[in-house]
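Asker: This one is protein_17.cif, mmCIF, C-alpha atoms.
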```cif
data_structure
loop_
_atom_site.label_atom_id
_atom_site.label_comp_id
_atom_site.auth_asym_id
_atom_site.auth_seq_id
_atom_site.Cartn_x
_atom_site.Cartn_y
_atom_site.Cartn_z
CA MET A 1 -21.29 -0.99 -1.02
CA HIS A 2 -23.53 -3.09 1.21
CA ALA A 3 -26.66 -2.66 3.27
CA LYS A 4 -26.39 0.58 5.21
CA PRO A 5 -28.60 2.42 7.73
CA THR A 6 -30.79 5.05 6.08
CA TYR A 7 -29.63 8.06 8.04
CA ALA A 8 -28.63 11.46 6.70
CA ILE A 9 -25.82 13.08 8.64
CA LEU A 10 -22.13 13.34 8.98
CA ALA A 11 -21.02 13.39 12.60
CA SER A 12 -17.61 14.08 14.01
CA VAL A 13 -16.65 12.96 17.45
CA ALA A 14 -13.61 13.65 19.61
CA VAL A 15 -12.30 10.69 21.59
CA LEU A 16 -9.58 10.19 24.15
CA GLY A 17 -8.32 6.86 25.39
CA ALA A 18 -11.24 4.87 26.75
CA MET A 19 -14.32 5.74 24.71
CA GLY A 20 -16.61 6.12 27.68
CA SER A 21 -14.58 8.77 29.45
CA GLY A 22 -16.30 11.73 27.81
CA ALA A 23 -13.00 13.60 27.57
CA VAL A 24 -12.31 15.61 24.42
CA LEU A 25 -8.78 15.56 23.08
CA LYS A 26 -7.67 18.72 21.33
CA ILE A 27 -5.33 18.43 18.37
CA ALA A 28 -2.41 20.58 19.48
CA ALA A 29 0.80 18.69 18.92
CA GLN A 30 4.00 20.70 18.97
CA GLY A 31 5.10 22.07 15.63
CA ARG A 32 1.83 21.17 13.86
CA THR A 33 -0.16 24.35 13.64
CA ASP A 34 -1.27 24.50 9.99
CA GLY A 35 -4.24 22.19 10.25
CA VAL A 36 -6.46 20.59 7.63
CA THR A 37 -9.92 21.65 6.49
CA ILE A 38 -12.29 18.79 5.62
CA THR A 39 -15.21 19.65 3.35
CA PHE A 40 -17.98 17.06 3.35
CA LEU A 41 -19.74 16.30 0.06
CA ALA A 42 -21.96 13.21 0.48
CA ASN A 43 -21.66 9.51 1.31
CA GLU A 44 -17.89 9.16 1.94
CA GLY A 45 -16.91 12.01 -0.33
CA VAL A 46 -14.65 14.65 1.20
CA MET A 47 -12.08 17.24 0.20
CA LEU A 48 -9.00 17.78 2.35
CA SER A 49 -7.31 21.16 1.98
CA ALA A 50 -4.33 22.83 3.62
CA GLY A 51 -1.64 25.25 2.54
CA GLY A 52 -2.82 25.47 -1.06
CA ARG A 53 -2.96 21.67 -1.43
CA LYS A 54 -6.18 19.74 -2.04
CA VAL A 55 -7.13 16.06 -1.99
CA LEU A 56 -10.44 14.57 -3.08
CA ILE A 57 -11.48 11.18 -1.64
CA ASP A 58 -14.50 9.27 -2.99
CA ALA A 59 -15.82 12.62 -4.18
CA LEU A 60 -16.60 12.09 -7.88
CA PHE A 61 -19.84 10.15 -8.25
CA LEU A 62 -23.42 10.59 -9.47
CA LYS A 63 -26.85 9.78 -8.07
CA TYR A 64 -26.73 6.08 -7.20
CA GLY A 65 -30.06 5.30 -5.59
CA PRO A 66 -32.79 6.88 -3.46
CA GLU A 67 -31.15 5.76 -0.21
CA TYR A 68 -27.80 7.40 -1.02
CA ALA A 69 -26.98 11.08 -0.63
CA VAL A 70 -25.68 13.20 -3.49
CA PRO A 71 -24.42 16.82 -3.58
CA ALA A 72 -26.48 19.56 -5.20
CA ASP A 73 -26.37 19.77 -8.98
CA SER A 74 -24.29 22.94 -8.81
CA THR A 75 -21.71 21.15 -6.64
CA LEU A 76 -21.58 18.21 -9.03
CA VAL A 77 -20.93 20.60 -11.92
CA SER A 78 -18.16 22.36 -10.00
CA LEU A 79 -16.54 19.03 -9.16
CA GLN A 80 -16.63 17.84 -12.77
CA ARG A 81 -15.38 21.12 -14.23
CA ALA A 82 -12.76 21.69 -11.49
CA ARG A 83 -14.26 25.01 -10.50
CA ILE A 84 -13.77 26.80 -7.19
CA PRO A 85 -13.55 25.41 -4.55
CA PHE A 86 -12.59 22.19 -6.38
CA ASP A 87 -10.01 23.83 -8.63
CA SER A 88 -6.32 22.96 -8.42
CA VAL A 89 -6.89 19.61 -6.74
CA ASP A 90 -3.56 17.79 -6.46
CA VAL A 91 -4.57 14.22 -5.61
CA ILE A 92 -7.72 12.18 -6.23
CA LEU A 93 -8.21 9.00 -4.20
CA VAL A 94 -10.92 6.37 -4.67
CA THR A 95 -11.38 3.55 -2.16
CA HIS A 96 -13.28 1.29 -4.59
CA ARG A 97 -15.42 1.26 -7.71
CA HIS A 98 -18.97 1.21 -6.25
CA GLY A 99 -21.26 3.91 -7.57
CA ASP A 100 -21.84 5.70 -4.29
CA HIS A 101 -18.08 6.37 -4.18
CA PHE A 102 -17.05 6.70 -7.84
CA HIS A 103 -18.43 7.17 -11.33
CA PRO A 104 -16.26 7.26 -14.47
CA VAL A 105 -18.05 10.21 -16.11
CA PRO A 106 -17.35 12.91 -13.47
CA MET A 107 -13.92 11.42 -12.80
CA ALA A 108 -12.87 11.68 -16.43
CA ALA A 109 -14.35 15.17 -16.69
CA HIS A 110 -12.40 16.43 -13.69
CA LEU A 111 -9.12 14.88 -14.86
CA ARG A 112 -9.49 16.63 -18.23
CA ALA A 113 -10.46 19.95 -16.65
CA ASN A 114 -7.64 19.85 -14.11
CA ALA A 115 -4.26 18.94 -15.56
CA ARG A 116 -2.75 19.23 -12.09
CA ALA A 117 -4.60 16.27 -10.57
CA THR A 118 -3.16 12.77 -10.12
CA LEU A 119 -5.48 9.80 -9.62
CA LEU A 120 -4.16 7.21 -7.14
CA THR A 121 -6.40 4.17 -6.83
CA SER A 122 -6.91 0.49 -7.68
CA GLN A 123 -6.68 -1.07 -11.12
CA GLN A 124 -10.41 -1.87 -11.03
CA VAL A 125 -11.26 1.82 -10.75
CA ILE A 126 -8.88 2.67 -13.58
CA ASP A 127 -10.33 -0.09 -15.75
CA SER A 128 -13.76 1.48 -15.24
CA LEU A 129 -12.47 4.64 -16.97
CA ARG A 130 -11.76 2.89 -20.27
CA GLY A 131 -14.97 4.11 -21.85
CA GLN A 132 -14.27 7.71 -20.84
CA LEU A 133 -10.51 8.18 -21.24
CA SER A 134 -8.38 7.17 -24.20
CA ALA A 135 -5.70 4.49 -23.95
CA GLU A 136 -3.09 7.26 -24.13
CA GLU A 137 -4.72 9.17 -21.28
CA LEU A 138 -4.88 6.02 -19.17
CA ARG A 139 -1.12 5.49 -19.68
CA SER A 140 -0.36 8.97 -18.34
CA PRO A 141 1.80 9.22 -15.18
CA ARG A 142 -1.18 11.07 -13.69
CA ILE A 143 -3.09 7.76 -13.55
CA MET A 144 -1.47 5.64 -10.84
CA SER A 145 -2.64 2.05 -10.37
CA ARG A 146 -1.75 0.84 -6.89
CA THR A 147 -3.93 -2.16 -6.07
CA THR A 148 -2.84 -3.30 -2.61
CA ALA A 149 -3.66 -6.73 -1.21
CA PRO A 150 -5.45 -6.98 2.16
CA GLY A 151 -3.01 -6.60 5.02
CA MET A 152 -0.38 -4.91 2.85
CA ARG A 153 0.56 -1.24 2.71
CA ARG A 154 2.54 1.07 0.45
CA ARG A 155 3.49 4.75 0.44
CA GLU A 156 3.44 7.36 -2.31
CA SER A 157 4.26 11.06 -2.40
CA ILE A 158 2.44 13.35 -4.83
CA ALA A 159 2.88 17.13 -4.97
CA GLY A 160 4.39 17.04 -1.50
CA ILE A 161 1.44 15.10 -0.07
CA ALA A 162 2.32 11.75 1.50
CA VAL A 163 -0.30 9.05 0.99
CA GLU A 164 -0.17 5.64 2.60
CA LEU A 165 -2.34 3.01 0.94
CA LEU A 166 -3.81 0.27 3.14
CA GLY A 167 -5.05 -2.99 1.69
CA LEU A 168 -8.45 -3.42 3.35
CA PRO A 169 -11.16 -5.84 2.15
CA HIS A 170 -14.60 -4.50 1.34
CA ALA A 171 -17.17 -5.42 3.96
CA GLY A 172 -19.32 -8.45 3.21
CA THR A 173 -18.47 -11.74 1.52
CA ARG A 174 -20.37 -10.84 -1.66
CA HIS A 175 -17.82 -8.10 -2.37
CA ARG A 176 -14.70 -10.25 -2.06
CA ILE A 177 -13.61 -9.53 -5.64
CA VAL A 178 -13.79 -5.75 -5.12
CA GLU A 179 -10.36 -4.13 -4.88
CA HIS A 180 -10.62 -1.87 -1.87
CA LEU A 181 -8.18 0.61 -0.35
CA GLY A 182 -7.91 2.69 2.78
CA TYR A 183 -5.75 5.82 2.87
CA VAL A 184 -3.71 7.78 5.39
CA VAL A 185 -3.12 11.26 3.96
CA GLU A 186 -0.56 13.62 5.48
CA ILE A 187 -1.57 17.19 4.80
CA GLY A 188 -1.37 20.41 6.80
CA GLY A 189 0.61 18.70 9.52
CA ARG A 190 -2.21 16.22 10.10
CA ARG A 191 -2.69 12.55 9.31
CA VAL A 192 -6.19 11.79 8.04
CA LEU A 193 -7.43 8.18 7.81
CA HIS A 194 -10.20 7.21 5.36
CA VAL A 195 -11.23 3.55 5.60
CA GLY A 196 -13.83 3.33 2.85
CA ASP A 197 -16.38 0.52 3.24
CA THR A 198 -14.21 -2.00 5.06
CA ASP A 199 -15.25 -3.87 8.18
CA VAL A 200 -13.55 -2.19 11.13
CA THR A 201 -12.44 -5.39 12.86
CA GLU A 202 -9.37 -6.42 14.80
CA ALA A 203 -8.40 -8.82 12.02
CA ASN A 204 -8.35 -6.01 9.47
CA PHE A 205 -6.68 -3.28 11.54
CA ALA A 206 -4.39 -4.92 14.10
CA PRO A 207 -1.69 -5.72 11.48
CA PHE A 208 -1.33 -2.03 10.59
CA ARG A 209 -0.79 -0.84 14.18
CA LEU A 210 -2.33 2.52 13.39
CA ASP A 211 -2.53 3.08 17.14
CA THR A 212 1.17 3.96 16.92
CA ALA A 213 0.82 6.08 13.76
CA ARG A 214 -0.53 9.30 15.32
CA ILE A 215 -3.76 9.48 13.35
CA ASP A 216 -5.25 12.93 13.85
CA VAL A 217 -8.61 12.54 12.09
CA ALA A 218 -10.24 9.21 11.17
CA LEU A 219 -13.31 8.91 8.96
CA PHE A 220 -15.54 5.87 9.39
CA PRO A 221 -18.91 4.72 8.05
CA ASN A 222 -21.72 5.72 10.37
CA TRP A 223 -22.52 2.15 11.43
CA VAL A 224 -18.94 1.62 12.65
CA VAL A 225 -19.24 4.50 15.10
CA THR A 226 -22.54 3.21 16.50
CA SER A 227 -21.37 -0.39 16.87
CA GLU A 228 -19.69 -1.68 20.01
CA GLU A 229 -17.10 -3.69 18.05
CA GLY A 230 -16.28 -0.72 15.84
CA ARG A 231 -15.66 1.55 18.80
CA ARG A 232 -13.53 -1.12 20.48
CA VAL A 233 -11.31 -1.45 17.39
CA ILE A 234 -11.05 2.32 17.01
CA GLU A 235 -9.95 2.64 20.63
CA ARG A 236 -7.49 -0.25 20.63
CA TRP A 237 -6.02 -0.37 17.12
CA ILE A 238 -6.39 3.13 15.67
CA ARG A 239 -6.67 5.64 18.54
CA PRO A 240 -7.37 8.74 16.42
CA ARG A 241 -7.52 12.16 18.01
CA GLN A 242 -10.76 12.88 16.13
CA VAL A 243 -13.37 10.45 14.84
CA VAL A 244 -15.70 11.36 11.99
CA ALA A 245 -18.78 9.30 11.12
CA PHE A 246 -20.26 9.54 7.64
CA HIS A 247 -21.69 7.54 4.73
CA VAL A 248 -25.29 7.54 5.80
CA GLY A 249 -28.51 7.53 3.83
CA THR A 250 -31.08 10.15 3.00
CA ALA A 251 -33.71 9.68 5.73
CA ASP A 252 -34.16 10.04 9.48
CA ALA A 253 -31.34 12.43 10.30
CA ASP A 254 -32.64 13.09 13.78
CA ARG A 255 -32.39 9.42 14.75
CA ALA A 256 -28.89 9.24 13.30
CA ILE A 257 -27.80 12.22 15.38
CA ARG A 258 -29.22 10.62 18.51
CA ASP A 259 -27.56 7.25 17.78
CA VAL A 260 -24.12 8.70 17.15
CA ARG A 261 -24.28 11.02 20.14
CA SER A 262 -25.47 8.16 22.33
CA ALA A 263 -22.49 6.08 21.21
CA MET A 264 -20.00 8.96 21.46
CA PRO A 265 -21.44 11.81 23.53
CA ASN A 266 -19.15 14.53 22.18
CA ALA A 267 -20.47 14.23 18.63
CA VAL A 268 -20.58 17.29 16.39
CA THR A 269 -23.01 16.76 13.52
CA PHE A 270 -22.47 18.05 9.98
CA ALA A 271 -25.94 18.12 8.42
CA ARG A 272 -25.20 19.82 5.11
CA SER A 273 -23.15 19.03 2.04
CA LEU A 274 -20.26 21.50 1.73
CA GLU A 275 -20.11 22.07 5.47
CA MET A 276 -16.49 22.36 6.60
CA ARG A 277 -14.56 21.65 9.74
CA ARG A 278 -10.92 22.37 10.52
CA TRP A 279 -8.56 20.35 12.70
#
```
Could you express the structure from this file as structure tokens?

Answerer:
Amino acid sequence: MHAKPTYAILASVAVLGAMGSGAVLKIAAQGRTDGVTITFLANEGVMLSAGGRKVLIDALFLKYGPEYAVPADSTLVSLQRARIPFDSVDVILVTHRHGDHFHPVPMAAHLRANARATLLTSQQVIDSLRGQLSAEELRSPRIMSRTTAPGMRRRESIAGIAVELLGLPHAGTRHRIVEHLGYVVEIGGRRVLHVGDTDVTEANFAPFRLDTARIDVALFPNWVVTSEEGRRVIERWIRPRQVVAFHVGTADADRAIRDVRSAMPNAVTFARSLEMRRW
């Protein structure tokens, strides 16, 4: 977590090649017709779903501060108790331990309510669960510690869902000790990139060569999409078919919409928690 603009939207933007072209690239690769549905929650919290499989990313948190969004109370209860539509989640991913992305109480509650779920995250996040889960529960194969150093990557497969973990540093020098992960999730014939709160710079992303990885949907903090450097790195080193901007605050949604659309004219804005989009 670091200083963030106080906007209140989630915007998705289609991009093709040079960012200024205005062309919209449709996701229609041969043999990939299932698609993935992304349900937005708040901040960077999303659920990916396809073919009966579900993945939560940065989705289990509580109210963190007045500038940060939070789902409705009924949604928070459904997440904690693994109720529809958050039942039968297969994989839970957490980019880092900050409270606008993760809280141990709802995480522990969901893991106990949903015996199907596997948590795949850093050791710091798992250590934060010690007051909520027993030592025996923390030793379960369902709790997978995979801290990954910056610039390194590793791959896991859980319930038929391939997850690539990217070692990405948290933005800002004051967060150097924070273990931070990015994820590429393969689900529904799509590859979805979630970068957490990292700085989207050439130094961080060039080593991964995601521009050759066929990223279908990429989710970035709002300020990355509106920054010239962020867009340059997205275009050169990631080249996703669809860009999604999120993790914005709780005020001035109209200005956020204007800023994102000005930066990427084909923006589609998601203004409500639980709004869904399919790619």

Asker: Mind listing whatever residues come within 12 Å of the point (0.1, 12.9, -16.2)? Use all atoms listed in the file, file coordinates, and give them as a list in words.

Answerer: Asp90, Val91, Leu111, Arg112, Asn114, Ala115, Arg116, Ala117, Thr118, Leu119, Leu120, Glu136, Glu137, Leu138, Arg139, Ser140, Pro141, Arg142, Ile143, Met144 and Ile158 of chain A

Asker: Select, from A:Ser157, A:Thr226, A:Gln80, A:Thr212, the residue with the minimum atom-to-atom distance to Ile187 (chain A), counting only C-alpha atoms.

Answerer: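 Distance minimum relative to Ile187 (chain A) lands on A:Ser157.
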
Asker: Would you mind telling me which residue in A:Ala162, A:Val89, A:Leu62, A:Ile238 lies nearest to Asp216 (chain A) when using all atoms listed in the file?

Answerer: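 Among A:Ala162, A:Val89, A:Leu62, A:Ile238, it is A:Ile238 that comes nearest to Asp216 (chain A).
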
Asker: Can you work out which one of A:Thr198, A:Asp211, A:Trp279, A:Gln132 has the shortest atom-to-atom distance to His175 (chain A), counting all atoms listed in the file?

Answerer: A:Thr198

Asker: Go through A:Val163, A:Ala149, A:Ala251, A:Ile126 one by one, measure the shortest atom-to-atom distance of each to Glu186 (chain A) using all atoms listed in the file, and give the residue with the smallest value.

Answerer: A:Val163

Asker: State, in Å with one decimal place, the distance from CA of His247 (chain A) to CA of His98 (chain A).

Answerer: 13.0 Å

Asker: Which is closest to Pro207 (chain A) among A:Phe220, A:Ser262, A:Val225, A:Pro150, if we use only C-alpha atoms?

Answerer: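 Once distances to Pro207 (chain A) are computed over only C-alpha atoms, the minimum belongs to A:Pro150.
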
Asker: Could you list as an mmCIF file with C-alpha atoms, in the coordinates of the input every residue that has an atom within 7 Å of (-13.6, -0.9, -8.1), using the file's coordinates and counting all atoms listed in the file?

Answerer:
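Full text of part_34.cif as output:
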```cif
data_model
loop_
_atom_site.group_PDB
_atom_site.id
_atom_site.type_symbol
_atom_site.label_atom_id
_atom_site.label_comp_id
_atom_site.auth_asym_id
_atom_site.auth_seq_id
_atom_site.Cartn_x
_atom_site.Cartn_y
_atom_site.Cartn_z
ATOM 1 C CA HIS A 96 -13.280 1.290 -4.590
ATOM 2 C CA ARG A 97 -15.420 1.260 -7.710
ATOM 3 C CA HIS A 98 -18.970 1.210 -6.250
ATOM 4 C CA SER A 122 -6.910 0.490 -7.680
ATOM 5 C CA GLN A 124 -10.410 -1.870 -11.030
ATOM 6 C CA VAL A 125 -11.260 1.820 -10.750
ATOM 7 C CA VAL A 178 -13.790 -5.750 -5.120
ATOM 8 C CA GLU A 179 -10.360 -4.130 -4.880
ATOM 9 C CA HIS A 180 -10.620 -1.870 -1.870
#
```

Asker: Could you work out how far CA of Pro169 (chain A) lies from CA of Ala256 (chain A), giving the answer in Å with one decimal?

Answerer: 25.8 Å

Asker: Interatomic distance between CA of Leu41 (chain A) and CA of Ser273 (chain A)?

Answerer: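 Taking CA of Leu41 (chain A) and CA of Ser273 (chain A), their separation equals 4.8 Å.
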
Asker: Which is closest to Leu181 (chain A) among A:Gly151, A:Gly131, A:Gly160, A:Pro106, if we use all atoms listed in the file?

Answerer: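 Between A:Gly151, A:Gly131, A:Gly160, A:Pro106, the residue approaching Leu181 (chain A) most closely is A:Gly151.
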
Asker: The PyMOL selection byres ((chain A and resi 59) around 10) - which residues does that actually catch in the file I just gave you? List them as a ChimeraX atom specification.

Answerer: /A:40-47,55-58,60-62,70-71,76,79,92-94,100-103,106-107

Asker: Could you write out as a compact mmCIF listing (two decimals) with C-alpha atoms, in the frame of the given file the residues that the PyMOL selection byres ((chain A and resi 64) around 6) matches in the shown file?

Answerer:
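Result file expr_24.txt:
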```txt
# COMPACT_ATOMS: atom_id res chain seq x y z
CA LYS A 63 -26.85 9.78 -8.07
CA GLY A 65 -30.06 5.30 -5.59
CA GLY A 99 -21.26 3.91 -7.57
CA ASP A 100 -21.84 5.70 -4.29
```
